[in-house]
Amino acid sequence: MHSGASFLESARVAAGSLHANKLRSFLTLLGIILATSTLIAVMSLIHGMDLYVAQTVADMGADGFRVVRMAFLGNWDPKKFLEFLRKNPEISVEEFNFIRERAVHIKAIGMQSSRQARVTWGNQQILGVSIQGTSANIPEISNIQIQYGRMFTDTEDHRKLPLAFIGNDLRESFFPNTDPVGKTIEIEGRPYEVAGAAKALGSTFGQSRDNFVIIPIQTFFKTYSARRGIGLVASANAHNEFFQAQDEVRMLLRAFRKLRPSQDDTFAILSADSFLQLWERLTAAIAATAIGVVSVFMVVGGVVIMNIMMAVVSERTQEIGVRKSLGARRKDILRQFLVESSMLAAFGGIMGVLSAYTLIVAVRSFTPVPMSMPMTAVVMGVGLSTLVGLFFGIYPASRAAKLDPIEALRVER
C-alpha cells in the first residue's frame, strides 16, 4: 500500500509540474510526438495494405491473375514510380477485347475499375462503399456467389443500364429479411435497380469484404466519364495451364502495344504468389525506413527530455533538500523524477496518437490509400514513448536522488 501511495503521490507531483509548465512541456515533446505519429502512421498504412492485399489475394483464387498498369515486382525503388507513370499507358477496353478474342488458355477474362461513394436507400445511407464497375462475367472469375437475383448480362452492360449487384453489408443494412431484387438504391444521388445480391464473403483481419456494389463497367464509364484505372481479371482453364495463360496474355498485350523483343513490359501481371512477394518487399522497405526515422525522432526527443529534466532538477534543488530533510528517501526522489519524465513522454505519445489519427482520417477521406489504425500501434506508440522517457530520465533522476540535503538547502533560488 505504501509503495502504491508513493507512486500516486509521485504521479500527482509530476502532473502538477507538467501542468505548470505547459509550453515548455509541449516544446519538449515535439520529438516524441513526431516519432509516435510516424510510427503509428506507418503501422496503419501497412495494416491497411495488409487488409487490401489479403482481400485481393483471396479474390484472385488459385488459378486467377490480374493485369494492371504497374506494380513494383522487383526491388522497391521510389525513383521508378515517375518512370512507370510516363512509360506505362492505362489498360484500355480495346486491349481487353483483343485479349478476350484471341486467348485460348484462359477460362474467362473481365474488366474492373472502382472508386468509393455514398450509397443511400430511403433515409439510410452508407459512406465509403466500394463501387466496382465490372464486366458481367466477374462471378466466374472471382469468388463472388449469388444469393438473391442475378448478375447483370453482357447485353445490359453494353446498353449501359443502371443496374446494381450489392454486397451482403448493404443487403443487411437496407433490406433485412427482404428480397432486395427490384428495389432502387442511389449511388451519389443516381438511381440503380438492384438486380441481385451476393452471399457473405466475411471479413479479413476485421475488415468487411461485403461493403460493395457492382455495376456494369460501361455504366461505370458513362457515369464517371473516365476510362482510367482499369484492371483485367482473368482465370486459367485449369491449374496446369496457369503459367501458359499468363504467358499468353503477356504475349497478346505486348503484340497489341507493338513492343519489340528488347523492350520491357509496359504493364504488370500479378498472381496471388507474386502479389504476396511484392507486398513482403514493400513492407520490408517501408518498415526499414520507418525504423530509421522513428529511432532518430525518439533519440532526439529523449535527449531533449533529459536536458529539460536536468534543468528541472537544478530549478528544484532547494525543494529536493527540503523533502530530504523531512525524511524523503533517495528512492522517493528517484521515483518522483522517473515518473515525471515517463509521464512527460507518455503524454507526448498520446498526442502523437491523436496526430496520427487525424492524419489517417484525412488520408482516408481524400485519397484511395487504405489506412487502418490497429490497436497494437497505439499501445506500441505510447509504450515506446514512455520507455524512452523512463530511460532518458534515469540520469537526471539519479542526480536528483544523490543531492546532499544540506548543500541543496543552501542553494539560492
# chains A, B, ... in the order shown; residues from 1 in each chain; ligands from 1

$ residues_around --residues "A:Tyr357" --least-positions-apart "6" --cutoff "10 Å" --atoms "only C-alpha atoms" --output "PyMOL selection string"
chain A and resi 37+40-41+44+351+363+372-373+378

$ residues_around --residues "A:Ala108" --least-positions-apart "6" --cutoff "10 Å" --atoms "only C-alpha atoms" --output "PDB file with N, CA and C atoms, in the first residue's frame"
ATOM      1  N   GLY A  64      -6.300 -17.612 -60.655  1.00  0.00           N
ATOM      2  CA  GLY A  64      -6.574 -16.280 -61.169  1.00  0.00           C
ATOM      3  C   GLY A  64      -5.349 -15.389 -61.181  1.00  0.00           C
ATOM      4  N   ARG A 100      -9.442 -11.008 -75.120  1.00  0.00           N
ATOM      5  CA  ARG A 100     -10.596 -11.904 -74.965  1.00  0.00           C
ATOM      6  C   ARG A 100     -10.871 -12.682 -76.246  1.00  0.00           C
ATOM      7  N   ASN A 137     -19.044 -11.117 -66.382  1.00  0.00           N
ATOM      8  CA  ASN A 137     -18.574 -12.462 -66.046  1.00  0.00           C
ATOM      9  C   ASN A 137     -17.717 -12.515 -64.776  1.00  0.00           C
ATOM     10  N   ILE A 138     -17.711 -11.457 -63.982  1.00  0.00           N
ATOM     11  CA  ILE A 138     -16.891 -11.419 -62.775  1.00  0.00           C
ATOM     12  C   ILE A 138     -17.174 -12.590 -61.818  1.00  0.00           C
ATOM     13  N   GLU A 140     -17.672 -15.597 -62.498  1.00  0.00           N
ATOM     14  CA  GLU A 140     -16.926 -16.765 -62.981  1.00  0.00           C
ATOM     15  C   GLU A 140     -15.456 -16.698 -62.577  1.00  0.00           C
ATOM     16  N   ILE A 141     -14.933 -15.486 -62.424  1.00  0.00           N
ATOM     17  CA  ILE A 141     -13.501 -15.308 -62.200  1.00  0.00           C
ATOM     18  C   ILE A 141     -13.181 -15.180 -60.717  1.00  0.00           C
ATOM     19  N   VAL A 233      -8.996  -8.923 -64.997  1.00  0.00           N
ATOM     20  CA  VAL A 233      -9.026 -10.061 -64.090  1.00  0.00           C
ATOM     21  C   VAL A 233      -9.267 -11.303 -64.925  1.00  0.00           C
ATOM     22  N   ALA A 234      -8.405 -12.311 -64.786  1.00  0.00           N
ATOM     23  CA  ALA A 234      -8.516 -13.499 -65.636  1.00  0.00           C
ATOM     24  C   ALA A 234      -8.299 -14.758 -64.809  1.00  0.00           C
ATOM     25  N   SER A 235      -8.783 -15.876 -65.330  1.00  0.00           N
ATOM     26  CA  SER A 235      -8.517 -17.166 -64.695  1.00  0.00           C
ATOM     27  C   SER A 235      -8.180 -18.175 -65.785  1.00  0.00           C
ATOM     28  N   ALA A 236      -7.262 -19.076 -65.458  1.00  0.00           N
ATOM     29  CA  ALA A 236      -6.816 -20.084 -66.426  1.00  0.00           C
ATOM     30  C   ALA A 236      -7.862 -21.184 -66.579  1.00  0.00           C
ATOM     31  N   ASN A 237      -7.783 -21.891 -67.714  1.00  0.00           N
ATOM     32  CA  ASN A 237      -8.698 -23.011 -67.943  1.00  0.00           C
ATOM     33  C   ASN A 237      -8.581 -24.060 -66.848  1.00  0.00           C
TER      34      ASN A 237
END

$ select_by_dssp --residues "stretch 228-337 of chain A" --states "strand (DSSP E)" --output "list of chain:residue names"
A:Gly231, A:Leu232, A:Val233, A:Ala234, A:Ser235, A:Ala236, A:Ala268, A:Ile269, A:Leu270, A:Ser271

$ write_last_selection --atoms "C-alpha atoms" --output "PDB file, in the first residue's frame"
ATOM      1  CA  GLY A 231      -7.528  -3.646 -64.479  1.00  0.00           C
ATOM      2  CA  LEU A 232      -8.043  -7.018 -66.127  1.00  0.00           C
ATOM      3  CA  VAL A 233      -9.026 -10.061 -64.090  1.00  0.00           C
ATOM      4  CA  ALA A 234      -8.516 -13.499 -65.636  1.00  0.00           C
ATOM      5  CA  SER A 235      -8.517 -17.166 -64.695  1.00  0.00           C
ATOM      6  CA  ALA A 236      -6.816 -20.084 -66.426  1.00  0.00           C
ATOM      7  CA  ALA A 268       2.349  -5.874 -64.878  1.00  0.00           C
ATOM      8  CA  ILE A 269       0.781  -9.278 -64.319  1.00  0.00           C
ATOM      9  CA  LEU A 270       0.015 -10.174 -60.730  1.00  0.00           C
ATOM     10  CA  SER A 271      -0.883 -13.578 -59.371  1.00  0.00           C
TER      11      SER A 271
END

$ closest_residue --among "A:Ala197, A:Lys87, A:Phe175, A:Lys222" --to "A:His158" --atoms "only C-alpha atoms"
A:Lys222

$ closest_residue --among "A:Ile217, A:Lys402, A:Met380, A:Gln244" --to "A:Lys331" --atoms "only C-alpha atoms"
A:Lys402

$ residues_around --residues "A:Val93" --least-positions-apart "4" --cutoff "9 Å" --atoms "only C-alpha atoms" --output "list in words"
Asn97, Phe98, Met111, Arg227 and Ile230 of chain A

$ write_last_selection --atoms "C-alpha atoms" --output "JSON list (two decimals), in the first residue's frame"
[["chain", "number", "residue", "atom", "x", "y", "z"],
["A", 97, "ASN", "CA", -11.33, -7.10, -76.34],
["A", 98, "PHE", "CA", -8.14, -8.02, -78.19],
["A", 111, "MET", "CA", -12.54, -5.70, -66.72],
["A", 227, "ARG", "CA", -11.72, 5.08, -68.50],
["A", 230, "ILE", "CA", -8.89, -0.26, -65.48]]

$ atom_distance --atom1 "atom CA of A:Asp154" --atom2 "atom CA of A:Ala71"
29.7 Å

$ atom_distance --atom1 "atom CA of A:Phe256" --atom2 "atom CA of A:Phe242"
21.5 Å

$ select_by_dssp --residues "stretch 132-322 of chain A" --states "alpha helix (DSSP H)" --output "ChimeraX atom specification"
/A:138-141,154-158,168-174,217-224,242-256,272-315,317-322

$ closest_residue --among "A:Arg150, A:Ser314, A:Ile185, A:Glu156" --to "A:Gln124" --atoms "only C-alpha atoms"
A:Ile185

$ atom_distance --atom1 "atom CA of A:Arg399" --atom2 "atom CA of A:Arg335"
12.0 Å

$ residues_around --residues "A:Leu253" --least-positions-apart "2" --cutoff "10 Å" --atoms "only C-alpha atoms" --output "JSON, numbers by chain"
{"A": [67, 91, 95, 96, 98, 99, 247, 248, 249, 250, 251, 255, 256, 257, 258, 259, 265, 266, 267]}

$ closest_residue --among "A:Ala136, A:Leu30, A:Ala200, A:Met70" --to "A:Pro89" --atoms "only C-alpha atoms"
A:Met70

$ residues_around --residues "A:Ile286" --least-positions-apart "6" --cutoff "10 Å" --atoms "only C-alpha atoms" --output "ChimeraX atom specification"
/A:42-43,45-46,76,280

$ residues_around --residues "A:Gly167" --least-positions-apart "6" --cutoff "7 Å" --atoms "only C-alpha atoms" --output "PDB file with N, CA and C atoms, in the first residue's frame"
ATOM      1  N   ALA A 197     -27.969  -9.872 -55.215  1.00  0.00           N
ATOM      2  CA  ALA A 197     -27.145  -9.658 -54.018  1.00  0.00           C
ATOM      3  C   ALA A 197     -26.242 -10.868 -53.817  1.00  0.00           C
ATOM      4  N   ALA A 198     -25.064 -10.614 -53.266  1.00  0.00           N
ATOM      5  CA  ALA A 198     -24.063 -11.669 -53.101  1.00  0.00           C
ATOM      6  C   ALA A 198     -24.180 -12.338 -51.739  1.00  0.00           C
ATOM      7  N   ASP A 210     -17.753  -7.256 -47.682  1.00  0.00           N
ATOM      8  CA  ASP A 210     -19.099  -7.263 -48.259  1.00  0.00           C
ATOM      9  C   ASP A 210     -19.659  -5.863 -48.474  1.00  0.00           C
ATOM     10  N   ASN A 211     -18.825  -4.840 -48.282  1.00  0.00           N
ATOM     11  CA  ASN A 211     -19.287  -3.461 -48.424  1.00  0.00           C
ATOM     12  C   ASN A 211     -19.026  -2.971 -49.850  1.00  0.00           C
ATOM     13  N   PHE A 212     -19.764  -3.513 -50.806  1.00  0.00           N
ATOM     14  CA  PHE A 212     -19.531  -3.161 -52.213  1.00  0.00           C
ATOM     15  C   PHE A 212     -20.834  -3.149 -52.997  1.00  0.00           C
ATOM     16  N   VAL A 213     -20.770  -2.461 -54.134  1.00  0.00           N
ATOM     17  CA  VAL A 213     -21.829  -2.503 -55.147  1.00  0.00           C
ATOM     18  C   VAL A 213     -21.145  -2.698 -56.492  1.00  0.00           C
TER      19      VAL A 213
END

$ residues_around --residues "A:Glu186" --least-positions-apart "6" --cutoff "7 Å" --atoms "only C-alpha atoms" --output "PyMOL selection string"
chain A and resi 119-121+192

$ write_last_selection --atoms "C-alpha atoms" --output "PDB file, in the first residue's frame"
ATOM      1  CA  VAL A 119     -24.970   4.721 -51.223  1.00  0.00           C
ATOM      2  CA  THR A 120     -28.484   5.515 -49.949  1.00  0.00           C
ATOM      3  CA  TRP A 121     -31.853   3.832 -49.710  1.00  0.00           C
ATOM      4  CA  TYR A 192     -29.849   1.994 -59.645  1.00  0.00           C
TER       5      TYR A 192
END
